[in-house]
file input-v3.txt (compact mmCIF, N, CA and C atoms)
# COMPACT_ATOMS: atom_id res chain seq x y z
N MET E 1 8.07 77.46 35.93
CA MET E 1 7.75 76.52 34.87
C MET E 1 7.23 75.24 35.51
N LEU E 2 6.11 74.73 34.99
CA LEU E 2 5.56 73.45 35.40
C LEU E 2 5.84 72.44 34.30
N TYR E 3 5.87 71.16 34.67
CA TYR E 3 6.17 70.09 33.73
C TYR E 3 5.06 69.04 33.78
N ASN E 4 4.50 68.71 32.64
CA ASN E 4 3.56 67.62 32.52
C ASN E 4 4.25 66.58 31.64
N LEU E 5 4.78 65.55 32.26
CA LEU E 5 5.63 64.60 31.56
C LEU E 5 4.89 63.47 30.87
N HIS E 6 3.59 63.42 31.00
CA HIS E 6 2.82 62.40 30.26
C HIS E 6 1.39 62.89 30.11
N THR E 7 1.06 63.30 28.90
CA THR E 7 -0.30 63.71 28.60
C THR E 7 -0.66 63.25 27.20
N HIS E 8 -1.93 63.15 26.93
CA HIS E 8 -2.40 62.80 25.59
C HIS E 8 -3.03 64.00 24.90
N ASN E 9 -3.17 65.08 25.66
CA ASN E 9 -3.85 66.27 25.14
C ASN E 9 -2.95 67.49 25.28
N PHE E 10 -2.48 68.01 24.17
CA PHE E 10 -1.63 69.19 24.16
C PHE E 10 -2.49 70.42 24.39
N THR E 11 -2.14 71.21 25.39
CA THR E 11 -2.92 72.41 25.70
C THR E 11 -2.21 73.69 25.31
N ASN E 12 -0.90 73.61 25.05
CA ASN E 12 -0.11 74.78 24.69
C ASN E 12 -0.27 75.91 25.71
N THR E 13 -0.32 75.54 26.98
CA THR E 13 -0.47 76.50 28.06
C THR E 13 0.89 77.13 28.36
N PRO E 14 0.94 78.46 28.44
CA PRO E 14 2.21 79.12 28.79
C PRO E 14 2.71 78.61 30.15
N ASN E 15 4.01 78.51 30.28
CA ASN E 15 4.67 78.09 31.53
C ASN E 15 4.46 76.62 31.89
N ILE E 16 3.93 75.81 30.96
CA ILE E 16 3.83 74.36 31.18
C ILE E 16 4.50 73.66 30.02
N LEU E 17 5.54 72.91 30.32
CA LEU E 17 6.19 72.08 29.30
C LEU E 17 5.47 70.74 29.31
N GLU E 18 4.87 70.40 28.18
CA GLU E 18 4.09 69.17 28.08
C GLU E 18 4.80 68.16 27.18
N VAL E 19 4.97 66.94 27.67
CA VAL E 19 5.46 65.83 26.86
C VAL E 19 4.24 65.01 26.50
N VAL E 20 3.88 65.05 25.21
CA VAL E 20 2.64 64.45 24.74
C VAL E 20 2.93 63.06 24.18
N ASN E 21 2.13 62.09 24.59
CA ASN E 21 2.28 60.74 24.08
C ASN E 21 1.71 60.67 22.67
N ARG E 22 2.48 60.13 21.75
CA ARG E 22 2.04 59.92 20.37
C ARG E 22 2.34 58.48 19.98
N TYR E 23 1.31 57.77 19.55
CA TYR E 23 1.50 56.41 19.06
C TYR E 23 2.19 56.47 17.70
N PRO E 24 2.80 55.38 17.25
CA PRO E 24 3.54 55.40 15.99
C PRO E 24 2.70 55.83 14.79
N TYR E 25 1.42 55.55 14.80
CA TYR E 25 0.56 55.90 13.67
C TYR E 25 0.01 57.33 13.75
N GLU E 26 0.39 58.09 14.80
CA GLU E 26 -0.06 59.47 14.94
C GLU E 26 1.03 60.44 14.48
N ALA E 27 0.59 61.54 13.93
CA ALA E 27 1.53 62.58 13.48
C ALA E 27 2.20 63.24 14.68
N ILE E 28 3.39 63.74 14.46
CA ILE E 28 4.09 64.52 15.49
C ILE E 28 3.75 65.98 15.22
N ASP E 29 2.83 66.49 16.01
CA ASP E 29 2.32 67.85 15.82
C ASP E 29 2.50 68.70 17.08
N VAL E 30 3.44 68.28 17.91
CA VAL E 30 3.70 68.98 19.18
C VAL E 30 5.21 69.17 19.33
N PRO E 31 5.63 70.14 20.14
CA PRO E 31 7.07 70.38 20.27
C PRO E 31 7.83 69.26 21.01
N TYR E 32 7.20 68.67 22.02
CA TYR E 32 7.85 67.62 22.82
C TYR E 32 6.92 66.42 22.88
N PHE E 33 7.48 65.23 22.61
CA PHE E 33 6.63 64.05 22.58
C PHE E 33 7.39 62.82 23.05
N SER E 34 6.64 61.82 23.42
CA SER E 34 7.17 60.47 23.63
C SER E 34 6.39 59.58 22.67
N THR E 35 6.97 58.47 22.30
CA THR E 35 6.26 57.57 21.40
C THR E 35 6.49 56.14 21.84
N GLY E 36 5.48 55.33 21.63
CA GLY E 36 5.57 53.94 22.02
C GLY E 36 4.28 53.22 21.72
N ILE E 37 4.22 51.96 22.11
CA ILE E 37 3.03 51.14 21.91
C ILE E 37 2.55 50.68 23.28
N HIS E 38 1.36 51.07 23.65
CA HIS E 38 0.79 50.60 24.92
C HIS E 38 0.45 49.12 24.76
N PRO E 39 0.77 48.30 25.75
CA PRO E 39 0.50 46.85 25.63
C PRO E 39 -0.95 46.51 25.31
N TRP E 40 -1.89 47.32 25.74
CA TRP E 40 -3.30 47.05 25.46
C TRP E 40 -3.63 47.23 23.98
N TYR E 41 -2.81 48.00 23.26
CA TYR E 41 -3.14 48.36 21.88
C TYR E 41 -2.17 47.76 20.86
N ILE E 42 -1.47 46.70 21.22
CA ILE E 42 -0.56 46.06 20.27
C ILE E 42 -1.37 45.38 19.17
N ASP E 43 -1.04 45.73 17.95
CA ASP E 43 -1.61 45.07 16.77
C ASP E 43 -0.50 44.18 16.21
N GLU E 44 -0.61 42.88 16.45
CA GLU E 44 0.46 41.97 16.08
C GLU E 44 0.80 42.02 14.60
N GLU E 45 -0.14 42.39 13.76
CA GLU E 45 0.12 42.47 12.33
C GLU E 45 0.95 43.71 11.96
N LYS E 46 1.03 44.69 12.87
CA LYS E 46 1.75 45.93 12.58
C LYS E 46 2.92 46.19 13.52
N VAL E 47 3.31 45.20 14.29
CA VAL E 47 4.39 45.40 15.26
C VAL E 47 5.68 45.85 14.59
N GLU E 48 6.10 45.16 13.55
CA GLU E 48 7.36 45.51 12.88
C GLU E 48 7.30 46.92 12.29
N GLU E 49 6.18 47.25 11.68
CA GLU E 49 6.00 48.59 11.10
C GLU E 49 6.07 49.66 12.20
N ASN E 50 5.37 49.43 13.30
CA ASN E 50 5.36 50.38 14.41
C ASN E 50 6.74 50.51 15.05
N LEU E 51 7.44 49.41 15.22
CA LEU E 51 8.79 49.46 15.79
C LEU E 51 9.75 50.23 14.88
N ALA E 52 9.58 50.09 13.59
CA ALA E 52 10.43 50.84 12.65
C ALA E 52 10.18 52.34 12.78
N ILE E 53 8.93 52.74 12.95
CA ILE E 53 8.60 54.16 13.14
C ILE E 53 9.21 54.66 14.44
N ILE E 54 9.08 53.88 15.50
CA ILE E 54 9.66 54.28 16.79
C ILE E 54 11.17 54.43 16.68
N GLU E 55 11.83 53.48 16.02
CA GLU E 55 13.28 53.57 15.84
C GLU E 55 13.66 54.82 15.05
N GLN E 56 12.90 55.14 14.03
CA GLN E 56 13.17 56.33 13.22
C GLN E 56 13.03 57.59 14.09
N ARG E 57 12.07 57.62 14.97
CA ARG E 57 11.85 58.79 15.82
C ARG E 57 12.92 58.95 16.88
N LEU E 58 13.58 57.86 17.22
CA LEU E 58 14.66 57.96 18.20
C LEU E 58 15.80 58.83 17.66

call {"tool": "encode", "arguments": {"input": "input-v3.txt", "output": "structure tokens"}}
result
Amino acid sequence: MLYNLHTHNFTNTPNILEVVNRYPYEAIDVPYFSTGIHPWYIDEEKVEENLAIIEQRL
């Protein structure tokens, strides 16, 4: 088994466990994911909304 612990593109390749990055505004459409806000993409008007989504996903 191989592990890809940070990817943005789910390949569903057999024998590879992929942890796919999903931003708060993206759907969870993969078996394993991480979620967060990259500092480059912070929208100050939506910080509270995005943090609430992240907290819910925890």

call {"tool": "closest_residue", "arguments": {"input": "input-v3.txt", "among": "E:His38, E:Ala27, E:Leu2, E:Asp43", "to": "Asn15 of chain E", "atoms": "only C-alpha atoms"}}
result
E:Leu2

call {"tool": "residues_around", "arguments": {"input": "input-v3.txt", "residues": "Phe33 of chain E", "least_positions_apart": "6", "cutoff": "6 Å", "atoms": "only C-alpha atoms", "output": "list in words"}}
result
Val19, Val20 and Asn21 of chain E

call {"tool": "closest_residue", "arguments": {"input": "input-v3.txt", "among": "E:Tyr41, E:Pro24, E:Val30, E:Phe10", "to": "Gln56 of chain E", "atoms": "only C-alpha atoms"}}
result
E:Pro24

call {"tool": "select_by_dssp", "arguments": {"input": "input-v3.txt", "residues": "segment 9-49 of chain E", "states": "helix (DSSP H, G or I)", "output": "list in words"}}
result
Pro39, Trp40, Tyr41, Glu44, Glu45, Lys46, Val47, Glu48 and Glu49 of chain E

call {"tool": "write_last_selection", "arguments": {"input": "input-v3.txt", "atoms": "N, CA and C atoms", "output": "PDB file, in the frame of the given file"}}
result
ATOM      1  N   PRO E  39       0.770  48.300  25.750  1.00  0.00           N
ATOM      2  CA  PRO E  39       0.500  46.850  25.630  1.00  0.00           C
ATOM      3  C   PRO E  39      -0.950  46.510  25.310  1.00  0.00           C
ATOM      4  N   TRP E  40      -1.890  47.320  25.740  1.00  0.00           N
ATOM      5  CA  TRP E  40      -3.300  47.050  25.460  1.00  0.00           C
ATOM      6  C   TRP E  40      -3.630  47.230  23.980  1.00  0.00           C
ATOM      7  N   TYR E  41      -2.810  48.000  23.260  1.00  0.00           N
ATOM      8  CA  TYR E  41      -3.140  48.360  21.880  1.00  0.00           C
ATOM      9  C   TYR E  41      -2.170  47.760  20.860  1.00  0.00           C
ATOM     10  N   GLU E  44      -0.610  42.880  16.450  1.00  0.00           N
ATOM     11  CA  GLU E  44       0.460  41.970  16.080  1.00  0.00           C
ATOM     12  C   GLU E  44       0.800  42.020  14.600  1.00  0.00           C
ATOM     13  N   GLU E  45      -0.140  42.390  13.760  1.00  0.00           N
ATOM     14  CA  GLU E  45       0.120  42.470  12.330  1.00  0.00           C
ATOM     15  C   GLU E  45       0.950  43.710  11.960  1.00  0.00           C
ATOM     16  N   LYS E  46       1.030  44.690  12.870  1.00  0.00           N
ATOM     17  CA  LYS E  46       1.750  45.930  12.580  1.00  0.00           C
ATOM     18  C   LYS E  46       2.920  46.190  13.520  1.00  0.00           C
ATOM     19  N   VAL E  47       3.310  45.200  14.290  1.00  0.00           N
ATOM     20  CA  VAL E  47       4.390  45.400  15.260  1.00  0.00           C
ATOM     21  C   VAL E  47       5.680  45.850  14.590  1.00  0.00           C
ATOM     22  N   GLU E  48       6.100  45.160  13.550  1.00  0.00           N
ATOM     23  CA  GLU E  48       7.360  45.510  12.880  1.00  0.00           C
ATOM     24  C   GLU E  48       7.300  46.920  12.290  1.00  0.00           C
ATOM     25  N   GLU E  49       6.180  47.250  11.680  1.00  0.00           N
ATOM     26  CA  GLU E  49       6.000  48.590  11.100  1.00  0.00           C
ATOM     27  C   GLU E  49       6.070  49.660  12.200  1.00  0.00           C
TER      28      GLU E  49
END

call {"tool": "atom_distance", "arguments": {"input": "input-v3.txt", "atom1": "atom CA of Tyr32 of chain E", "atom2": "atom N of Ile53 of chain E"}}
result
17.9 Å

call {"tool": "atom_distance", "arguments": {"input": "input-v3.txt", "atom1": "atom CA of His6 of chain E", "atom2": "atom N of Ala52 of chain E"}}
result
21.8 Å

call {"tool": "residues_around", "arguments": {"input": "input-v3.txt", "residues": "Ile16 of chain E", "least_positions_apart": "6", "cutoff": "6.5 Å", "atoms": "all atoms listed in the file", "output": "PyMOL selection string"}}
result
chain E and resi 1-4

call {"tool": "closest_residue", "arguments": {"input": "input-v3.txt", "among": "E:Trp40, E:Pro14, E:Thr35, E:His8", "to": "Ile54 of chain E", "atoms": "only N, CA and C atoms"}}
result
E:Thr35

call {"tool": "atom_distance", "arguments": {"input": "input-v3.txt", "atom1": "atom CA of Thr11 of chain E", "atom2": "atom CA of Glu55 of chain E"}}
result
26.7 Å

call {"tool": "select_by_dssp", "arguments": {"input": "input-v3.txt", "residues": "chain E", "states": "strand (DSSP E or B)", "output": "tab-separated table (two decimals) with N, CA and C atoms, in the frame of the given file"}}
result
chain	number	residue	atom	x	y	z
E	2	LEU	N	6.11	74.73	34.99
E	2	LEU	CA	5.56	73.45	35.40
E	2	LEU	C	5.84	72.44	34.30
E	3	TYR	N	5.87	71.16	34.67
E	3	TYR	CA	6.17	70.09	33.73
E	3	TYR	C	5.06	69.04	33.78
E	4	ASN	N	4.50	68.71	32.64
E	4	ASN	CA	3.56	67.62	32.52
E	4	ASN	C	4.25	66.58	31.64
E	5	LEU	N	4.78	65.55	32.26
E	5	LEU	CA	5.63	64.60	31.56
E	5	LEU	C	4.89	63.47	30.87
E	6	HIS	N	3.59	63.42	31.00
E	6	HIS	CA	2.82	62.40	30.26
E	6	HIS	C	1.39	62.89	30.11
E	7	THR	N	1.06	63.30	28.90
E	7	THR	CA	-0.30	63.71	28.60
E	7	THR	C	-0.66	63.25	27.20
E	16	ILE	N	3.93	75.81	30.96
E	16	ILE	CA	3.83	74.36	31.18
E	16	ILE	C	4.50	73.66	30.02
E	17	LEU	N	5.54	72.91	30.32
E	17	LEU	CA	6.19	72.08	29.30
E	17	LEU	C	5.47	70.74	29.31
E	18	GLU	N	4.87	70.40	28.18
E	18	GLU	CA	4.09	69.17	28.08
E	18	GLU	C	4.80	68.16	27.18
E	19	VAL	N	4.97	66.94	27.67
E	19	VAL	CA	5.46	65.83	26.86
E	19	VAL	C	4.24	65.01	26.50
E	20	VAL	N	3.88	65.05	25.21
E	20	VAL	CA	2.64	64.45	24.74
E	20	VAL	C	2.93	63.06	24.18
E	21	ASN	N	2.13	62.09	24.59
E	21	ASN	CA	2.28	60.74	24.08
E	21	ASN	C	1.71	60.67	22.67
E	22	ARG	N	2.48	60.13	21.75
E	22	ARG	CA	2.04	59.92	20.37
E	22	ARG	C	2.34	58.48	19.98
E	33	PHE	N	7.48	65.23	22.61
E	33	PHE	CA	6.63	64.05	22.58
E	33	PHE	C	7.39	62.82	23.05
E	34	SER	N	6.64	61.82	23.42
E	34	SER	CA	7.17	60.47	23.63
E	34	SER	C	6.39	59.58	22.67
E	35	THR	N	6.97	58.47	22.30
E	35	THR	CA	6.26	57.57	21.40
E	35	THR	C	6.49	56.14	21.84

call {"tool": "closest_residue", "arguments": {"input": "input-v3.txt", "among": "E:Ile37, E:Ile28, E:Asn12, E:Glu18", "to": "Asn50 of chain E", "atoms": "only N, CA and C atoms"}}
result
E:Ile37

call {"tool": "closest_residue", "arguments": {"input": "input-v3.txt", "among": "E:Leu17, E:Arg57, E:Pro31, E:Val47", "to": "Leu5 of chain E", "atoms": "all atoms listed in the file"}}
result
E:Leu17

call {"tool": "decode", "arguments": {"input": "input-v3.txt", "residues": "segment 15-52 of chain E", "atoms": "N, CA and C atoms", "output": "JSON list (two decimals), in the first residue's frame"}}
result
[["chain", "number", "residue", "atom", "x", "y", "z"],
["E", 15, "ASN", "N", -4.44, 0.35, -4.37],
["E", 15, "ASN", "CA", -3.22, 0.26, -3.56],
["E", 15, "ASN", "C", -2.60, 1.62, -3.21],
["E", 16, "ILE", "N", -3.32, 2.72, -3.45],
["E", 16, "ILE", "CA", -2.85, 4.05, -3.01],
["E", 16, "ILE", "C", -3.95, 4.68, -2.17],
["E", 17, "LEU", "N", -3.64, 4.95, -0.92],
["E", 17, "LEU", "CA", -4.56, 5.68, -0.06],
["E", 17, "LEU", "C", -4.26, 7.16, -0.25],
["E", 18, "GLU", "N", -5.25, 7.90, -0.73],
["E", 18, "GLU", "CA", -5.06, 9.32, -1.02],
["E", 18, "GLU", "C", -5.85, 10.17, -0.02],
["E", 19, "VAL", "N", -5.19, 11.13, 0.59],
["E", 19, "VAL", "CA", -5.85, 12.13, 1.42],
["E", 19, "VAL", "C", -5.94, 13.39, 0.57],
["E", 20, "VAL", "N", -7.17, 13.72, 0.17],
["E", 20, "VAL", "CA", -7.41, 14.79, -0.78],
["E", 20, "VAL", "C", -7.76, 16.07, -0.04],
["E", 21, "ASN", "N", -7.11, 17.16, -0.42],
["E", 21, "ASN", "CA", -7.40, 18.45, 0.19],
["E", 21, "ASN", "C", -8.72, 18.98, -0.37],
["E", 22, "ARG", "N", -9.61, 19.39, 0.51],
["E", 22, "ARG", "CA", -10.88, 19.99, 0.12],
["E", 22, "ARG", "C", -11.06, 21.28, 0.91],
["E", 23, "TYR", "N", -11.25, 22.38, 0.19],
["E", 23, "TYR", "CA", -11.54, 23.65, 0.83],
["E", 23, "TYR", "C", -12.95, 23.63, 1.41],
["E", 24, "PRO", "N", -13.27, 24.50, 2.35],
["E", 24, "PRO", "CA", -14.59, 24.46, 2.99],
["E", 24, "PRO", "C", -15.75, 24.58, 2.01],
["E", 25, "TYR", "N", -15.56, 25.28, 0.91],
["E", 25, "TYR", "CA", -16.64, 25.48, -0.05],
["E", 25, "TYR", "C", -16.74, 24.34, -1.08],
["E", 26, "GLU", "N", -15.87, 23.31, -0.96],
["E", 26, "GLU", "CA", -15.92, 22.17, -1.87],
["E", 26, "GLU", "C", -16.64, 20.99, -1.22],
["E", 27, "ALA", "N", -17.32, 20.24, -2.05],
["E", 27, "ALA", "CA", -18.03, 19.05, -1.57],
["E", 27, "ALA", "C", -17.03, 17.98, -1.14],
["E", 28, "ILE", "N", -17.45, 17.14, -0.21],
["E", 28, "ILE", "CA", -16.65, 16.00, 0.20],
["E", 28, "ILE", "C", -17.11, 14.82, -0.66],
["E", 29, "ASP", "N", -16.33, 14.52, -1.67],
["E", 29, "ASP", "CA", -16.69, 13.49, -2.64],
["E", 29, "ASP", "C", -15.61, 12.41, -2.73],
["E", 30, "VAL", "N", -14.82, 12.30, -1.68],
["E", 30, "VAL", "CA", -13.73, 11.33, -1.64],
["E", 30, "VAL", "C", -13.77, 10.61, -0.29],
["E", 31, "PRO", "N", -13.17, 9.41, -0.22],
["E", 31, "PRO", "CA", -13.23, 8.67, 1.04],
["E", 31, "PRO", "C", -12.40, 9.29, 2.17],
["E", 32, "TYR", "N", -11.25, 9.86, 1.84],
["E", 32, "TYR", "CA", -10.36, 10.44, 2.86],
["E", 32, "TYR", "C", -10.00, 11.85, 2.42],
["E", 33, "PHE", "N", -10.12, 12.80, 3.36],
["E", 33, "PHE", "CA", -9.88, 14.18, 3.00],
["E", 33, "PHE", "C", -9.29, 14.96, 4.17],
["E", 34, "SER", "N", -8.68, 16.07, 3.84],
["E", 34, "SER", "CA", -8.31, 17.08, 4.83],
["E", 34, "SER", "C", -9.02, 18.35, 4.39],
["E", 35, "THR", "N", -9.25, 19.24, 5.31],
["E", 35, "THR", "CA", -9.92, 20.49, 4.95],
["E", 35, "THR", "C", -9.27, 21.64, 5.68],
["E", 36, "GLY", "N", -9.24, 22.77, 5.03],
["E", 36, "GLY", "CA", -8.64, 23.94, 5.63],
["E", 36, "GLY", "C", -8.68, 25.11, 4.67],
["E", 37, "ILE", "N", -8.08, 26.21, 5.09],
["E", 37, "ILE", "CA", -8.02, 27.42, 4.26],
["E", 37, "ILE", "C", -6.55, 27.74, 4.04],
["E", 38, "HIS", "N", -6.13, 27.73, 2.80],
["E", 38, "HIS", "CA", -4.75, 28.11, 2.48],
["E", 38, "HIS", "C", -4.62, 29.62, 2.69],
["E", 39, "PRO", "N", -3.55, 30.08, 3.32],
["E", 39, "PRO", "CA", -3.40, 31.52, 3.59],
["E", 39, "PRO", "C", -3.51, 32.39, 2.34],
["E", 40, "TRP", "N", -3.13, 31.90, 1.20],
["E", 40, "TRP", "CA", -3.21, 32.69, -0.03],
["E", 40, "TRP", "C", -4.66, 32.92, -0.46],
["E", 41, "TYR", "N", -5.58, 32.07, 0.00],
["E", 41, "TYR", "CA", -6.95, 32.12, -0.48],
["E", 41, "TYR", "C", -7.96, 32.52, 0.60],
["E", 42, "ILE", "N", -7.50, 33.19, 1.64],
["E", 42, "ILE", "CA", -8.42, 33.64, 2.68],
["E", 42, "ILE", "C", -9.30, 34.76, 2.14],
["E", 43, "ASP", "N", -10.59, 34.56, 2.28],
["E", 43, "ASP", "CA", -11.58, 35.58, 1.94],
["E", 43, "ASP", "C", -12.10, 36.12, 3.27],
["E", 44, "GLU", "N", -11.63, 37.31, 3.64],
["E", 44, "GLU", "CA", -11.95, 37.85, 4.96],
["E", 44, "GLU", "C", -13.45, 37.96, 5.21],
["E", 45, "GLU", "N", -14.24, 38.11, 4.16],
["E", 45, "GLU", "CA", -15.69, 38.22, 4.32],
["E", 45, "GLU", "C", -16.33, 36.87, 4.63],
["E", 46, "LYS", "N", -15.61, 35.76, 4.39],
["E", 46, "LYS", "CA", -16.18, 34.43, 4.60],
["E", 46, "LYS", "C", -15.42, 33.60, 5.64],
["E", 47, "VAL", "N", -14.54, 34.23, 6.38],
["E", 47, "VAL", "CA", -13.73, 33.48, 7.36],
["E", 47, "VAL", "C", -14.60, 32.76, 8.37],
["E", 48, "GLU", "N", -15.54, 33.45, 8.97],
["E", 48, "GLU", "CA", -16.39, 32.81, 9.99],
["E", 48, "GLU", "C", -17.19, 31.65, 9.41],
["E", 49, "GLU", "N", -17.74, 31.85, 8.23],
["E", 49, "GLU", "CA", -18.50, 30.79, 7.56],
["E", 49, "GLU", "C", -17.61, 29.58, 7.27],
["E", 50, "ASN", "N", -16.42, 29.83, 6.74],
["E", 50, "ASN", "CA", -15.49, 28.74, 6.43],
["E", 50, "ASN", "C", -15.02, 28.02, 7.69],
["E", 51, "LEU", "N", -14.75, 28.75, 8.75],
["E", 51, "LEU", "CA", -14.33, 28.13, 10.01],
["E", 51, "LEU", "C", -15.45, 27.26, 10.60],
["E", 52, "ALA", "N", -16.68, 27.70, 10.45],
["E", 52, "ALA", "CA", -17.82, 26.89, 10.93],
["E", 52, "ALA", "C", -17.91, 25.58, 10.16]]
